[in-house]
>>> print(open('input_19.txt').read())   # compact mmCIF, C-alpha atoms
# COMPACT_ATOMS: atom_id res chain seq x y z
CA MET A 24 112.13 82.39 76.82
CA SER A 25 110.89 78.82 77.37
CA ARG A 26 107.43 77.49 76.62
CA GLY A 27 106.21 78.14 80.16
CA GLY A 28 107.38 81.73 80.49
CA PHE A 29 106.60 82.62 76.87
CA ALA A 30 103.04 81.38 77.04
CA LEU A 31 102.32 83.06 80.36
CA ALA A 32 103.69 86.40 79.21
CA ARG A 33 101.80 86.21 75.95
CA ALA A 34 98.48 84.88 77.12
CA ALA A 35 98.24 86.78 80.41
CA GLY A 36 98.46 90.10 78.65
CA ALA A 37 95.54 89.21 76.43
CA ALA A 38 93.20 87.20 78.61
CA LEU A 39 94.83 86.31 81.94
CA ALA A 40 93.76 82.73 81.32
CA VAL A 41 90.09 83.55 81.77
CA SER A 42 87.17 84.10 79.45
CA ALA A 43 86.23 87.62 78.45
CA ALA A 44 83.08 87.27 80.50
CA ALA A 45 85.09 86.60 83.63
CA VAL A 46 87.26 89.68 83.21
CA GLY A 47 86.01 92.54 85.31
CA ALA A 48 83.98 90.26 87.54
CA PRO A 49 83.56 91.86 90.96
CA VAL A 50 85.65 90.64 93.86
CA ARG A 51 83.61 88.11 95.77
CA PRO A 52 83.98 87.49 99.48
CA ALA A 53 85.99 84.47 100.51
CA SER A 54 82.84 82.64 101.54
CA ALA A 55 81.58 82.72 97.96
CA ALA A 56 82.33 80.05 95.39
CA LEU A 57 85.74 80.17 93.74
CA ALA A 58 86.05 82.08 90.48
CA VAL A 59 86.20 78.76 88.68
CA SER A 60 84.66 75.52 89.83
CA ALA A 61 86.91 72.55 90.49
CA ALA A 62 85.37 70.79 87.54
CA ALA A 63 86.11 73.71 85.23
CA VAL A 64 89.82 73.58 85.92
CA GLY A 65 90.05 69.81 86.08
CA ALA A 66 91.40 69.86 89.63
CA PRO A 67 88.91 68.45 92.14
CA VAL A 68 89.62 68.98 95.82
CA ARG A 69 91.04 65.73 97.11
CA PRO A 70 90.52 64.40 100.61
CA ALA A 71 93.62 63.49 102.56
CA SER A 72 93.14 59.82 101.77
CA ALA A 73 93.34 60.58 98.07
CA ALA A 74 96.70 62.38 98.20
CA PRO A 75 99.23 60.96 95.75
CA GLN A 76 101.05 58.03 97.29
CA ALA A 77 104.34 59.11 95.75
CA ALA A 78 104.06 62.45 97.51
CA GLN A 79 103.11 60.88 100.84
CA GLN A 80 106.07 58.52 100.75
CA ALA A 81 108.69 60.97 99.43
CA PRO A 82 111.97 60.84 101.36
CA ARG A 83 112.92 63.70 103.65
CA ILE A 84 114.70 66.58 101.93
CA ALA A 85 118.02 67.13 103.71
CA PRO A 86 120.93 69.48 103.00
CA GLU A 87 123.18 66.63 101.91
CA HIS A 88 120.61 65.71 99.24
CA LEU A 89 120.77 69.14 97.57
CA PRO A 90 123.33 69.30 94.76
CA TYR A 91 125.89 72.08 94.96
CA GLY A 92 125.53 75.30 93.02
CA ALA A 93 123.03 77.99 92.07
CA ALA A 94 121.09 75.49 89.94
CA GLY A 95 121.25 72.83 92.65
CA TRP A 96 117.51 72.72 93.16
CA ALA A 97 116.80 72.14 89.48
CA ALA A 98 119.31 69.26 89.57
CA SER A 99 117.90 67.78 92.77
CA GLY A 100 114.79 66.19 91.27
CA TRP A 101 112.52 67.59 93.98
CA GLY A 102 110.54 69.69 91.51
CA GLY A 103 109.76 73.39 91.60
CA VAL A 104 108.36 74.78 94.84
CA ARG A 105 104.76 75.66 94.02
CA GLY A 106 103.95 77.21 97.34
CA VAL A 107 101.08 78.90 99.14
CA THR A 108 101.36 80.58 102.54
CA ILE A 109 98.58 79.52 104.88
CA GLY A 110 98.26 82.38 107.36
CA PRO A 111 97.36 81.60 110.96
CA ILE A 112 94.35 82.50 113.04
CA GLU A 113 95.72 82.14 116.58
CA ASN A 114 93.21 84.30 118.42
CA LEU A 115 91.23 82.64 121.20
CA ARG A 116 88.19 84.58 120.03
CA HIS A 117 88.15 82.42 116.89
CA PRO A 118 88.01 78.85 118.20
CA GLY A 119 88.13 76.09 115.63
CA ARG A 120 89.51 78.27 112.84
CA GLY A 121 93.30 78.23 113.16
CA TYR A 122 96.09 75.84 112.27
CA GLY A 123 95.29 72.17 112.64
CA THR A 124 91.51 72.59 112.55
CA ALA A 125 89.04 71.33 109.98
CA ALA A 126 89.02 74.88 108.59
CA SER A 127 92.77 74.84 107.86
CA GLY A 128 92.31 71.42 106.29
CA ARG A 129 89.87 73.02 103.84
CA ALA A 130 92.42 75.77 103.12
CA MET A 131 95.00 73.12 102.29
CA ASP A 132 92.51 71.30 100.09
CA GLU A 133 92.12 74.54 98.16
CA ALA A 134 95.91 74.83 97.87
CA VAL A 135 96.07 71.29 96.46
CA ALA A 136 93.29 72.08 94.00
CA MET A 137 95.20 75.20 92.94
CA GLY A 138 98.19 72.99 92.11
CA ALA A 139 100.40 73.78 95.09
CA THR A 140 103.04 71.29 96.20
CA TRP A 141 104.21 73.18 99.30
CA VAL A 142 102.65 75.29 102.03
CA SER A 143 104.31 77.81 104.29
CA LEU A 144 103.18 78.06 107.92
CA THR A 145 103.95 81.22 109.92
CA PRO A 146 103.80 80.93 113.73
CA PHE A 147 104.58 84.21 115.49
CA GLY A 148 106.57 85.34 118.48
CA ARG A 149 105.84 88.72 120.03
CA VAL A 150 108.23 91.64 120.43
CA TRP A 151 107.07 94.74 122.27
CA ASP A 152 108.88 97.40 120.23
CA GLY A 153 111.92 98.18 118.09
CA LYS A 154 114.29 98.16 121.05
CA GLY A 155 114.43 94.37 120.86
CA THR A 156 114.32 93.54 124.55
CA GLY A 157 113.26 89.95 123.86
CA VAL A 158 110.85 87.57 122.11
CA ASP A 159 107.75 86.24 123.86
CA LEU A 160 106.72 82.79 122.62
CA VAL A 161 103.09 83.56 123.48
CA PHE A 162 101.20 85.15 120.59
CA GLU A 163 97.46 85.61 121.23
CA ALA A 164 96.98 81.96 122.26
CA PRO A 165 99.21 80.13 124.78
CA PHE A 166 102.39 78.77 123.26
CA GLU A 167 101.71 75.11 124.00
CA GLU A 168 98.37 75.42 122.22
CA ASN A 169 100.02 77.07 119.22
CA ARG A 170 102.69 74.40 119.20
CA ARG A 171 100.10 71.60 119.08
CA ASN A 172 98.16 73.41 116.38
CA VAL A 173 101.22 73.94 114.18
CA LEU A 174 102.18 70.27 114.51
CA ALA A 175 98.62 69.34 113.54
CA ALA A 176 98.80 71.67 110.53
CA ILE A 177 102.08 70.10 109.40
CA ALA A 178 100.41 66.69 109.63
CA GLN A 179 97.44 67.98 107.62
CA ALA A 180 99.78 69.19 104.89
CA HIS A 181 101.71 65.93 104.73
CA ALA A 182 98.48 63.94 104.57
CA ARG A 183 97.63 65.86 101.41
CA GLY A 184 101.01 65.30 99.80
CA LEU A 185 102.20 68.84 100.55
CA LYS A 186 105.69 69.69 101.80
CA VAL A 187 106.11 72.31 104.51
CA LEU A 188 108.23 75.42 105.01
CA LEU A 189 107.99 76.57 108.63
CA VAL A 190 108.62 80.32 109.06
CA PRO A 191 108.84 81.51 112.68
CA HIS A 192 107.87 85.16 112.42
CA LEU A 193 108.11 88.23 114.69
CA TRP A 194 105.13 90.44 115.49
CA VAL A 195 106.14 93.89 116.82
CA GLU A 196 103.34 95.22 119.02
CA SER A 197 104.30 98.87 118.56
CA GLY A 198 103.80 98.59 114.80
CA GLU A 199 107.48 99.19 114.02
CA TRP A 200 109.07 97.14 111.27
CA ARG A 201 111.04 94.14 112.51
CA ALA A 202 113.82 95.01 110.05
CA LEU A 203 114.70 98.06 112.16
CA ILE A 204 114.98 96.39 115.56
CA ASP A 205 117.93 97.92 117.42
CA PRO A 206 118.74 96.85 120.98
CA GLY A 207 121.36 99.59 121.24
CA ASP A 208 124.72 98.70 122.74
CA ASP A 209 126.67 95.42 122.73
CA ALA A 210 125.00 94.21 125.92
CA GLY A 211 121.56 94.86 124.46
CA TRP A 212 122.40 92.99 121.27
CA ALA A 213 123.74 90.05 123.30
CA ARG A 214 120.45 89.83 125.26
CA TRP A 215 118.47 90.09 122.04
CA ALA A 216 120.51 87.38 120.31
CA GLU A 217 120.06 84.98 123.23
CA SER A 218 116.30 85.61 123.37
CA TYR A 219 115.95 85.13 119.61
CA ARG A 220 118.08 81.97 119.84
CA ARG A 221 115.62 80.46 122.36
CA PHE A 222 112.67 81.45 120.18
CA LEU A 223 114.14 79.96 117.00
CA LEU A 224 115.41 76.76 118.61
CA THR A 225 111.96 76.18 120.10
CA TRP A 226 110.36 76.29 116.67
CA ALA A 227 113.24 74.32 115.13
CA ALA A 228 112.36 71.51 117.53
CA VAL A 229 108.74 71.72 116.37
CA ALA A 230 109.89 71.56 112.73
CA ARG A 231 111.94 68.45 113.54
CA GLU A 232 109.10 66.79 115.44
CA GLY A 233 106.60 67.48 112.68
CA GLY A 234 108.98 66.56 109.86
CA ALA A 235 108.78 69.95 108.11
CA GLU A 236 110.99 69.84 105.03
CA MET A 237 112.37 73.37 105.38
CA LEU A 238 112.79 76.03 108.07
CA SER A 239 113.39 79.77 107.75
CA VAL A 240 115.76 81.02 110.45
CA GLY A 241 114.43 84.57 110.27
CA VAL A 242 112.31 87.12 108.43
CA GLU A 243 113.43 90.62 107.43
CA LEU A 244 116.06 91.12 110.16
CA ARG A 245 117.96 93.80 108.24
CA SER A 246 119.51 95.62 111.20
CA TRP A 247 121.09 92.35 112.29
CA VAL A 248 122.10 90.31 109.25
CA THR A 249 123.21 93.10 106.88
CA THR A 250 125.63 94.63 109.40
CA PRO A 251 128.73 93.48 111.31
CA ARG A 252 126.26 92.24 113.93
CA ALA A 253 125.57 89.33 111.55
CA ALA A 254 128.51 87.49 113.11
CA SER A 255 126.33 86.88 116.19
CA PHE A 256 123.67 85.20 114.04
CA LEU A 257 125.98 82.47 112.73
CA PRO A 258 126.24 80.56 116.06
CA ILE A 259 122.44 80.54 116.15
CA ILE A 260 122.33 78.84 112.75
CA GLU A 261 124.90 76.30 113.97
CA ALA A 262 122.68 75.58 116.99
CA VAL A 263 119.66 75.12 114.72
CA ARG A 264 121.63 72.61 112.61
CA ARG A 265 122.15 70.52 115.74
CA VAL A 266 118.41 70.49 116.43
CA TYR A 267 116.84 70.36 112.98
CA PRO A 268 118.00 68.09 110.12
CA GLY A 269 116.12 69.66 107.19
CA LEU A 270 116.84 72.49 104.77
CA LEU A 271 117.46 76.01 106.05
CA THR A 272 116.75 79.36 104.46
CA TYR A 273 116.35 82.97 105.61
CA SER A 274 113.65 85.34 104.32
CA ALA A 275 115.47 88.54 103.37
CA ASN A 276 113.56 91.62 102.33
CA TRP A 277 113.72 92.23 98.59
CA ASP A 278 115.71 95.44 98.90
CA ASP A 279 118.45 94.16 101.23
CA VAL A 280 119.07 90.62 99.98
CA GLU A 281 122.26 91.72 98.21
CA HIS A 282 123.63 92.98 101.55
CA THR A 283 122.63 89.99 103.70
CA LEU A 284 125.71 88.29 105.12
CA ILE A 285 124.51 84.91 106.45
CA PHE A 286 123.59 82.99 103.29
CA ASP A 287 126.84 81.03 103.19
CA ALA A 288 125.61 79.15 106.28
CA LEU A 289 122.24 78.27 104.70
CA ASP A 290 120.95 75.98 101.95
CA LEU A 291 118.75 78.37 99.95
CA ILE A 292 118.60 82.13 99.61
CA GLY A 293 115.12 83.23 100.68
CA ILE A 294 113.59 86.50 99.52
CA ASN A 295 110.34 88.17 100.53
CA ALA A 296 109.98 89.35 96.96
CA PHE A 297 107.67 92.37 97.01
CA TYR A 298 109.59 93.93 94.14
CA PRO A 299 108.05 96.91 92.34
CA LEU A 300 107.59 96.13 88.66
CA ALA A 301 106.94 99.68 87.48
CA GLU A 302 107.74 103.23 88.56
CA ARG A 303 104.53 104.85 87.41
CA GLU A 304 100.82 104.25 87.84
CA GLY A 305 98.89 103.01 84.84
CA ALA A 306 101.79 100.93 83.50
CA SER A 307 100.89 98.50 80.73
CA PHE A 308 101.30 94.74 81.08
CA GLU A 309 104.30 94.92 78.75
CA GLU A 310 105.94 97.42 81.11
CA LEU A 311 105.21 95.18 84.08
CA LEU A 312 106.71 92.21 82.23
CA ARG A 313 109.87 94.18 81.52
CA GLY A 314 110.02 94.94 85.22
CA GLY A 315 109.59 91.25 86.03
CA ARG A 316 112.45 90.32 83.72
CA LYS A 317 114.68 92.91 85.38
CA VAL A 318 113.80 91.50 88.81
CA ALA A 319 114.49 87.92 87.68
CA ALA A 320 117.87 88.93 86.24
CA GLY A 321 118.87 90.57 89.52
CA VAL A 322 117.76 87.58 91.56
CA ASP A 323 119.65 85.25 89.23
CA ALA A 324 122.81 87.31 89.80
CA VAL A 325 122.43 86.94 93.58
CA ALA A 326 122.04 83.16 93.24
CA ARG A 327 125.15 82.88 91.10
CA ALA A 328 127.17 85.13 93.39
CA TRP A 329 126.47 82.88 96.39
CA GLY A 330 126.35 79.62 94.42
CA LYS A 331 122.99 78.76 95.99
CA PRO A 332 119.43 78.51 94.64
CA ILE A 333 116.89 81.23 95.31
CA LEU A 334 113.52 80.65 96.97
CA LEU A 335 110.94 83.44 96.87
CA THR A 336 109.57 82.92 100.37
CA GLU A 337 106.81 85.47 99.74
CA ILE A 338 105.37 87.04 96.61
CA GLY A 339 102.07 88.87 96.52
CA TYR A 340 100.03 91.77 95.22
CA THR A 341 96.96 93.44 96.60
CA THR A 342 93.69 93.58 94.68
CA ARG A 343 93.75 97.25 93.68
CA ARG A 344 94.87 99.56 90.94
CA ASP A 345 98.62 99.57 90.34
CA PRO A 346 99.61 97.06 93.04
CA ALA A 347 102.96 96.46 91.29
CA VAL A 348 104.13 100.04 91.95
CA ARG A 349 104.38 99.70 95.76
CA PRO A 350 103.49 96.07 96.44
CA TRP A 351 104.62 96.15 100.09
CA GLU A 352 101.87 98.55 101.17
CA TRP A 353 99.65 96.91 103.77
CA PRO A 354 95.93 96.76 102.87
CA ASP A 355 94.72 97.68 106.37
CA ARG A 356 96.34 101.10 106.03
CA MET A 357 94.78 101.97 102.68
CA LYS A 358 91.88 104.36 102.14
CA GLY A 359 89.72 105.05 99.12
CA VAL A 360 90.83 101.85 97.43
CA VAL A 361 89.55 100.95 93.96
CA VAL A 362 89.31 97.15 93.83
CA ASP A 363 90.91 95.84 90.65
CA GLN A 364 91.26 92.10 90.05
CA ARG A 365 92.88 92.49 86.64
CA SER A 366 95.74 94.62 87.98
CA GLN A 367 96.48 92.03 90.66
CA ALA A 368 96.43 89.22 88.10
CA GLU A 369 98.65 91.09 85.64
CA ALA A 370 101.20 91.78 88.37
CA TYR A 371 101.32 88.07 89.27
CA ALA A 372 101.70 87.06 85.63
CA ALA A 373 104.46 89.61 85.00
CA VAL A 374 106.59 88.57 87.96
CA ILE A 375 106.08 84.81 87.61
CA ALA A 376 106.72 84.40 83.88
CA PRO A 377 110.49 85.11 83.93
CA PHE A 378 111.06 82.91 86.98
CA LEU A 379 109.54 79.86 85.30
CA ASP A 380 112.59 79.85 83.02
CA ALA A 381 115.18 80.39 85.78
CA ARG A 382 117.12 77.28 86.83
CA THR A 383 118.47 79.24 89.80
CA CYS A 384 114.99 79.82 91.26
CA ALA A 385 113.57 76.87 93.23
CA GLY A 386 110.07 78.39 93.24
CA PHE A 387 107.87 80.71 95.28
CA PHE A 388 105.24 80.99 98.00
CA VAL A 389 102.12 83.07 97.36
CA TRP A 390 101.19 85.50 100.12
CA ARG A 391 98.57 84.35 101.19
CA LEU A 392 95.47 82.30 102.05
CA TYR A 393 94.07 82.16 105.56
CA ALA A 394 93.74 79.10 107.76
CA ASP A 395 89.96 79.47 107.61
CA PRO A 396 89.04 80.04 103.95
CA ASP A 397 85.53 81.11 104.93
CA ASP A 398 86.53 83.80 107.44
CA VAL A 399 86.26 87.02 105.44
CA SER A 400 87.12 89.16 108.50
CA GLN A 401 90.83 88.47 108.13
CA GLU A 402 91.44 90.80 105.20
CA ALA A 403 89.73 93.55 103.20
CA GLU A 404 88.45 92.71 99.72
CA TRP A 405 91.41 94.64 98.26
CA GLY A 406 93.88 92.53 100.24
CA PHE A 407 96.61 90.11 99.14
CA SER A 408 94.62 86.89 98.95
CA PRO A 409 94.19 85.60 95.36
CA ARG A 410 91.35 83.30 96.41
CA GLY A 411 88.37 83.39 94.07
CA LYS A 412 89.95 86.14 91.94
CA LEU A 413 91.51 86.37 88.49
CA ALA A 414 94.93 86.05 90.13
CA GLU A 415 94.01 82.55 91.26
CA LEU A 416 93.55 81.50 87.66
CA VAL A 417 97.00 82.83 86.74
CA LEU A 418 98.47 80.87 89.66
CA ARG A 419 96.62 77.68 88.70
CA ASP A 420 98.04 77.88 85.20
CA ALA A 421 101.53 78.68 86.45
CA PHE A 422 101.49 75.80 88.95
CA ALA A 423 100.40 73.40 86.20
CA ALA A 424 103.19 74.41 83.79
CA ARG A 425 106.64 72.92 83.32
CA TRP A 426 109.33 74.95 85.16
CA ALA A 427 113.10 75.06 84.72
CA ALA A 428 113.28 74.24 88.45
CA ASP A 429 111.56 70.91 87.73
CA GLY A 430 114.81 69.70 86.20
CA PRO A 431 115.31 67.58 83.09
CA ARG A 432 112.16 66.27 81.47
CA LEU A 433 111.89 62.50 81.74
CA PRO A 434 110.25 60.28 79.11
CA GLY A 435 106.54 59.98 79.80
CA ASP A 436 106.42 62.58 82.58
CA ALA A 437 103.73 64.55 80.75
CA LEU A 438 101.35 61.59 80.45
CA GLY A 439 98.04 62.18 82.15
CA ARG A 440 98.51 65.92 82.66
CA HIS A 441 94.93 67.06 82.17
CA ARG A 442 95.33 70.64 83.35
CA ALA A 443 97.10 73.54 81.69
CA ARG A 444 100.43 72.61 80.18
CA THR A 445 101.60 76.21 80.13
CA PRO A 446 100.57 79.31 82.05
CA GLY A 447 97.97 81.36 80.27
CA LEU A 448 96.54 78.57 78.13
CA PHE A 449 94.31 75.75 79.30
CA GLY A 450 95.66 72.41 78.12
CA TRP A 451 92.39 71.22 76.64
CA GLU A 452 91.79 74.43 74.68
CA LEU A 453 94.87 74.40 72.50
CA ASP A 454 97.38 71.69 71.67
CA PRO A 455 100.85 73.31 71.73
CA ASP A 456 102.07 70.82 69.15
CA GLU A 457 99.44 71.76 66.57
CA PRO A 458 100.03 74.39 63.89
CA GLY A 459 98.95 77.79 65.12
CA GLY A 460 99.94 77.03 68.69
CA PRO A 461 101.35 79.66 71.04
CA PHE A 462 105.00 78.81 70.44
CA PRO A 463 107.19 80.19 67.68
>>> encode(input="input_19.txt", output="C-alpha cells")
Amino acid sequence: MSRGGFALARAAGAALAVSAAAVGAPVRPASAALAVSAAAVGAPVRPASAAPQAAQQAPRIAPEHLPYGAAGWAASGWGGVRGVTIGPIENLRHPGRGYGTAASGRAMDEAVAMGATWVSLTPFGRVWDGKGTGVDLVFEAPFEENRRNVLAAIAQAHARGLKVLLVPHLWVESGEWRALIDPGDDAGWARWAESYRRFLLTWAAVAREGGAEMLSVGVELRSWVTTPRAASFLPIIEAVRRVYPGLLTYSANWDDVEHTLIFDALDLIGINAFYPLAEREGASFEELLRGGRKVAAGVDAVARAWGKPILLTEIGYTTRRDPAVRPWEWPDRMKGVVVDQRSQAEAYAAVIAPFLDARTCAGFFVWRLYADPDDVSQEAEWGFSPRGKLAELVLRDAFAARWAADGPRLPGDALGRHRARTPGLFGWELDPDEPGGPFP
C-alpha cells in the first residue's frame, strides 16, 4: 500500500485525524461553525478572485485528451478527482438559496477549503411513477429558471478553480426507485427513450453552454442499461456526443455496474458506490478496511475489463451507528437513530484508503453538501452530509494527500504544500521523512 493509503488506514483507525478531545463531539447543526476552523487546517476560504490562476485557465477536458486504457486518467495529468456533490434547493419556497445564489457560492467556498477540485451538480427531471411515461423538465421551479441557476452555479464553480460534473437526475414522484422503471411493451419503451432523449439533450446543451467538464448520461437506470433494452440507449449517447464536446460517464448503481452494457460508448465508468463494507453491526475499523480493499479490488477488475478508468460518482455514509452495513438507506426513512460521527468517519476512511492507491480510479464525489450550507432543514442530523463532522476531517486529509490518480510525481510538485501530506496525519505534526514516521 502506498504512503497515502497506508497512512490513512493506519491513522484513521487510531484518531481519525482529529484530537482525542474532538472525538465524540456532538453533531452540530450546519449553521454552526465547522468542526475545525479554516486556520486550524491551513485552508482559508478563498473568494472567487483568489482562485488559482492555473485552475482558472486550465484547458477544456475532452475525450480525445484522455489517454487510452484503465489507467488513462492517471496518465492524463488532470489530477485525481477530489469531488463534492452540491445538492440543489430548487423549491420556490426557498428563494435565494439554490444553485447560482450567494448561498451556493458559500457552499463552493467550503468545498474549496475542504480541498475539493471538482463539484457535481444534480438538476432533476420529474417522472410520475415506475411506468416511465415520460420525463418532465419542470422540477419544483420552472425549467428556464433552473437552467439559468445551473449555468450560474457552473460559473461560480469555475470562478473558484473547480471543475464540474453535471448529473441530470430523475425524481420519481411515487417514491419508486428509478432503477426499476418499466414502460412495459416495445411501444412504451420507445416513448420512454424518446422522452429521456429530449431530457438529456436539453441538459447536455446546458453543459456545453456552461463549459462543464463532464456529463453523466444517466443515474441508476438498471432496467434499461443492464438488459437487451440497452441497445436503445446507445443512439442517445451518440446524439449527446453531437451536442456536448466534453467527457461522458454514466452513474451505475454499485450492485449492477458489472452488468451495465453501455460503458464502451463512454469515457469513464461511473459508479454510485454505496458499497457495504461489513456484513455485521459493530464491525471494527480493521474489518471495514478489509471490506474497502475488497470493494477496490472489484472496482479495479471492472476498470480493467472495460479498459476505462473508474469514477465514483457518489460515495457517502450517514452519521449513525454502522452506516457501512447498509449505506444506501435513506435518512428520512430512519427512526430511533443513534447519531455517531465516529462510525461515519471510519466508514469514509475505510473505503477511501484503498482507492488512493488505485491507478484505475480517477477519484470520487462525496454525497453531499447542500447549495445553502446554512439551511439545516434539508437533512436530519444523522444524514449524509460530512459538514462540520469528523468525516470532514478525514476528507480534508484525503483530498490533501498524493493519489495514484494524480499521475507521476514531478520534481518540485510538493513545494509549498502546507496541509496534510497524507490522509490521517497533519503535515505540520509529523515529517514523514523523519525517523519514527508513519511509513515502514
>>> residues_around(input="input_19.txt", residues="Ala176 (chain A)", least_positions_apart="3", cutoff="12 Å", atoms="all atoms listed in the file", output="count of residues only")
42
>>> residues_around(input="input_19.txt", residues="region 90-101 of chain A", least_positions_apart="5", cutoff="7 Å", atoms="all atoms listed in the file", output="count of residues only")
12
>>> residues_around(input="input_19.txt", residues="region 403-406 of chain A", least_positions_apart="5", cutoff="6 Å", atoms="only C-alpha atoms", output="list in words")
Thr341, Thr342, Arg343, Pro354 and Val362 of chain A
>>> residues_around(input="input_19.txt", residues="Leu311 (chain A)", least_positions_apart="2", cutoff="6 Å", atoms="only C-alpha atoms", output="list in words")
Leu300, Ala301, Phe308, Glu309, Arg313, Gly314 and Ala373 of chain A
>>> residues_around(input="input_19.txt", residues="region 272-278 of chain A", least_positions_apart="3", cutoff="9 Å", atoms="all atoms listed in the file", output="PyMOL selection string")
chain A and resi 190+202+237-245+281-283+285-286+289-298+334-337
>>> atom_distance(input="input_19.txt", atom1="CA of Trp329 (chain A)", atom2="CA of Gly106 (chain A)")
23.2 Å
>>> atom_distance(input="input_19.txt", atom1="CA of Glu199 (chain A)", atom2="CA of Arg149 (chain A)")
12.2 Å
>>> atom_distance(input="input_19.txt", atom1="CA of Gly211 (chain A)", atom2="CA of Asp279 (chain A)")
23.4 Å
>>> closest_residue(input="input_19.txt", among="A:Asp395, A:Trp141, A:Phe147, A:Leu257", to="Gly119 (chain A)", atoms="all atoms listed in the file")
A:Asp395
>>> axis_aligned_box(input="input_19.txt", around="region 304-308 of chain A", padding_each_side="8 Å", output="JSON")
{"center_x": 100.3, "center_y": 99.5, "center_z": 84.3, "size_x": 18.9, "size_y": 25.5, "size_z": 23.1}
>>> residues_near_point(input="input_19.txt", point="(108.4, 89.7, 123.0)", cutoff="10 Å", atoms="all atoms listed in the file", output="VMD selection string")
chain A and resid 148 to 152 155 to 162 193 to 196 218 to 219 222
>>> write_last_selection(input="input_19.txt", atoms="C-alpha atoms", output="mmCIF file, in the frame of the given file")
data_model
loop_
_atom_site.group_PDB
_atom_site.id
_atom_site.type_symbol
_atom_site.label_atom_id
_atom_site.label_comp_id
_atom_site.auth_asym_id
_atom_site.auth_seq_id
_atom_site.Cartn_x
_atom_site.Cartn_y
_atom_site.Cartn_z
ATOM 1 C CA GLY A 148 106.570 85.340 118.480
ATOM 2 C CA ARG A 149 105.840 88.720 120.030
ATOM 3 C CA VAL A 150 108.230 91.640 120.430
ATOM 4 C CA TRP A 151 107.070 94.740 122.270
ATOM 5 C CA ASP A 152 108.880 97.400 120.230
ATOM 6 C CA GLY A 155 114.430 94.370 120.860
ATOM 7 C CA THR A 156 114.320 93.540 124.550
ATOM 8 C CA GLY A 157 113.260 89.950 123.860
ATOM 9 C CA VAL A 158 110.850 87.570 122.110
ATOM 10 C CA ASP A 159 107.750 86.240 123.860
ATOM 11 C CA LEU A 160 106.720 82.790 122.620
ATOM 12 C CA VAL A 161 103.090 83.560 123.480
ATOM 13 C CA PHE A 162 101.200 85.150 120.590
ATOM 14 C CA LEU A 193 108.110 88.230 114.690
ATOM 15 C CA TRP A 194 105.130 90.440 115.490
ATOM 16 C CA VAL A 195 106.140 93.890 116.820
ATOM 17 C CA GLU A 196 103.340 95.220 119.020
ATOM 18 C CA SER A 218 116.300 85.610 123.370
ATOM 19 C CA TYR A 219 115.950 85.130 119.610
ATOM 20 C CA PHE A 222 112.670 81.450 120.180
#
>>> closest_residue(input="input_19.txt", among="A:Tyr340, A:Ala347, A:Ser400, A:Trp215", to="Ala306 (chain A)", atoms="all atoms listed in the file")
A:Ala347
